[in-house]
Amino acid sequence: MAEIKIEQEHGPFYECPKCGNEEIELGQDYCQICGDPICWKED
């Protein structure tokens, strides 16, 4: 399962750590490109 760190200073920009998809939206459960489940973690 991919884990995405939410970094407040960078604004609403998230990337799938597995495939690099840059169109991840906050709260999305799966990457639209590779299908990897996403676990959100606030840093």
# chains A, B, ... in the order shown; residues from 1 in each chain; ligands from 1
call {"tool": "residues_around", "arguments": {"residues": "segment 24-36 of chain A", "least_positions_apart": "2", "cutoff": "6 Å", "atoms": "only C-alpha atoms", "output": "JSON, numbers by chain"}}
result
{"A": [14, 15, 22, 38]}
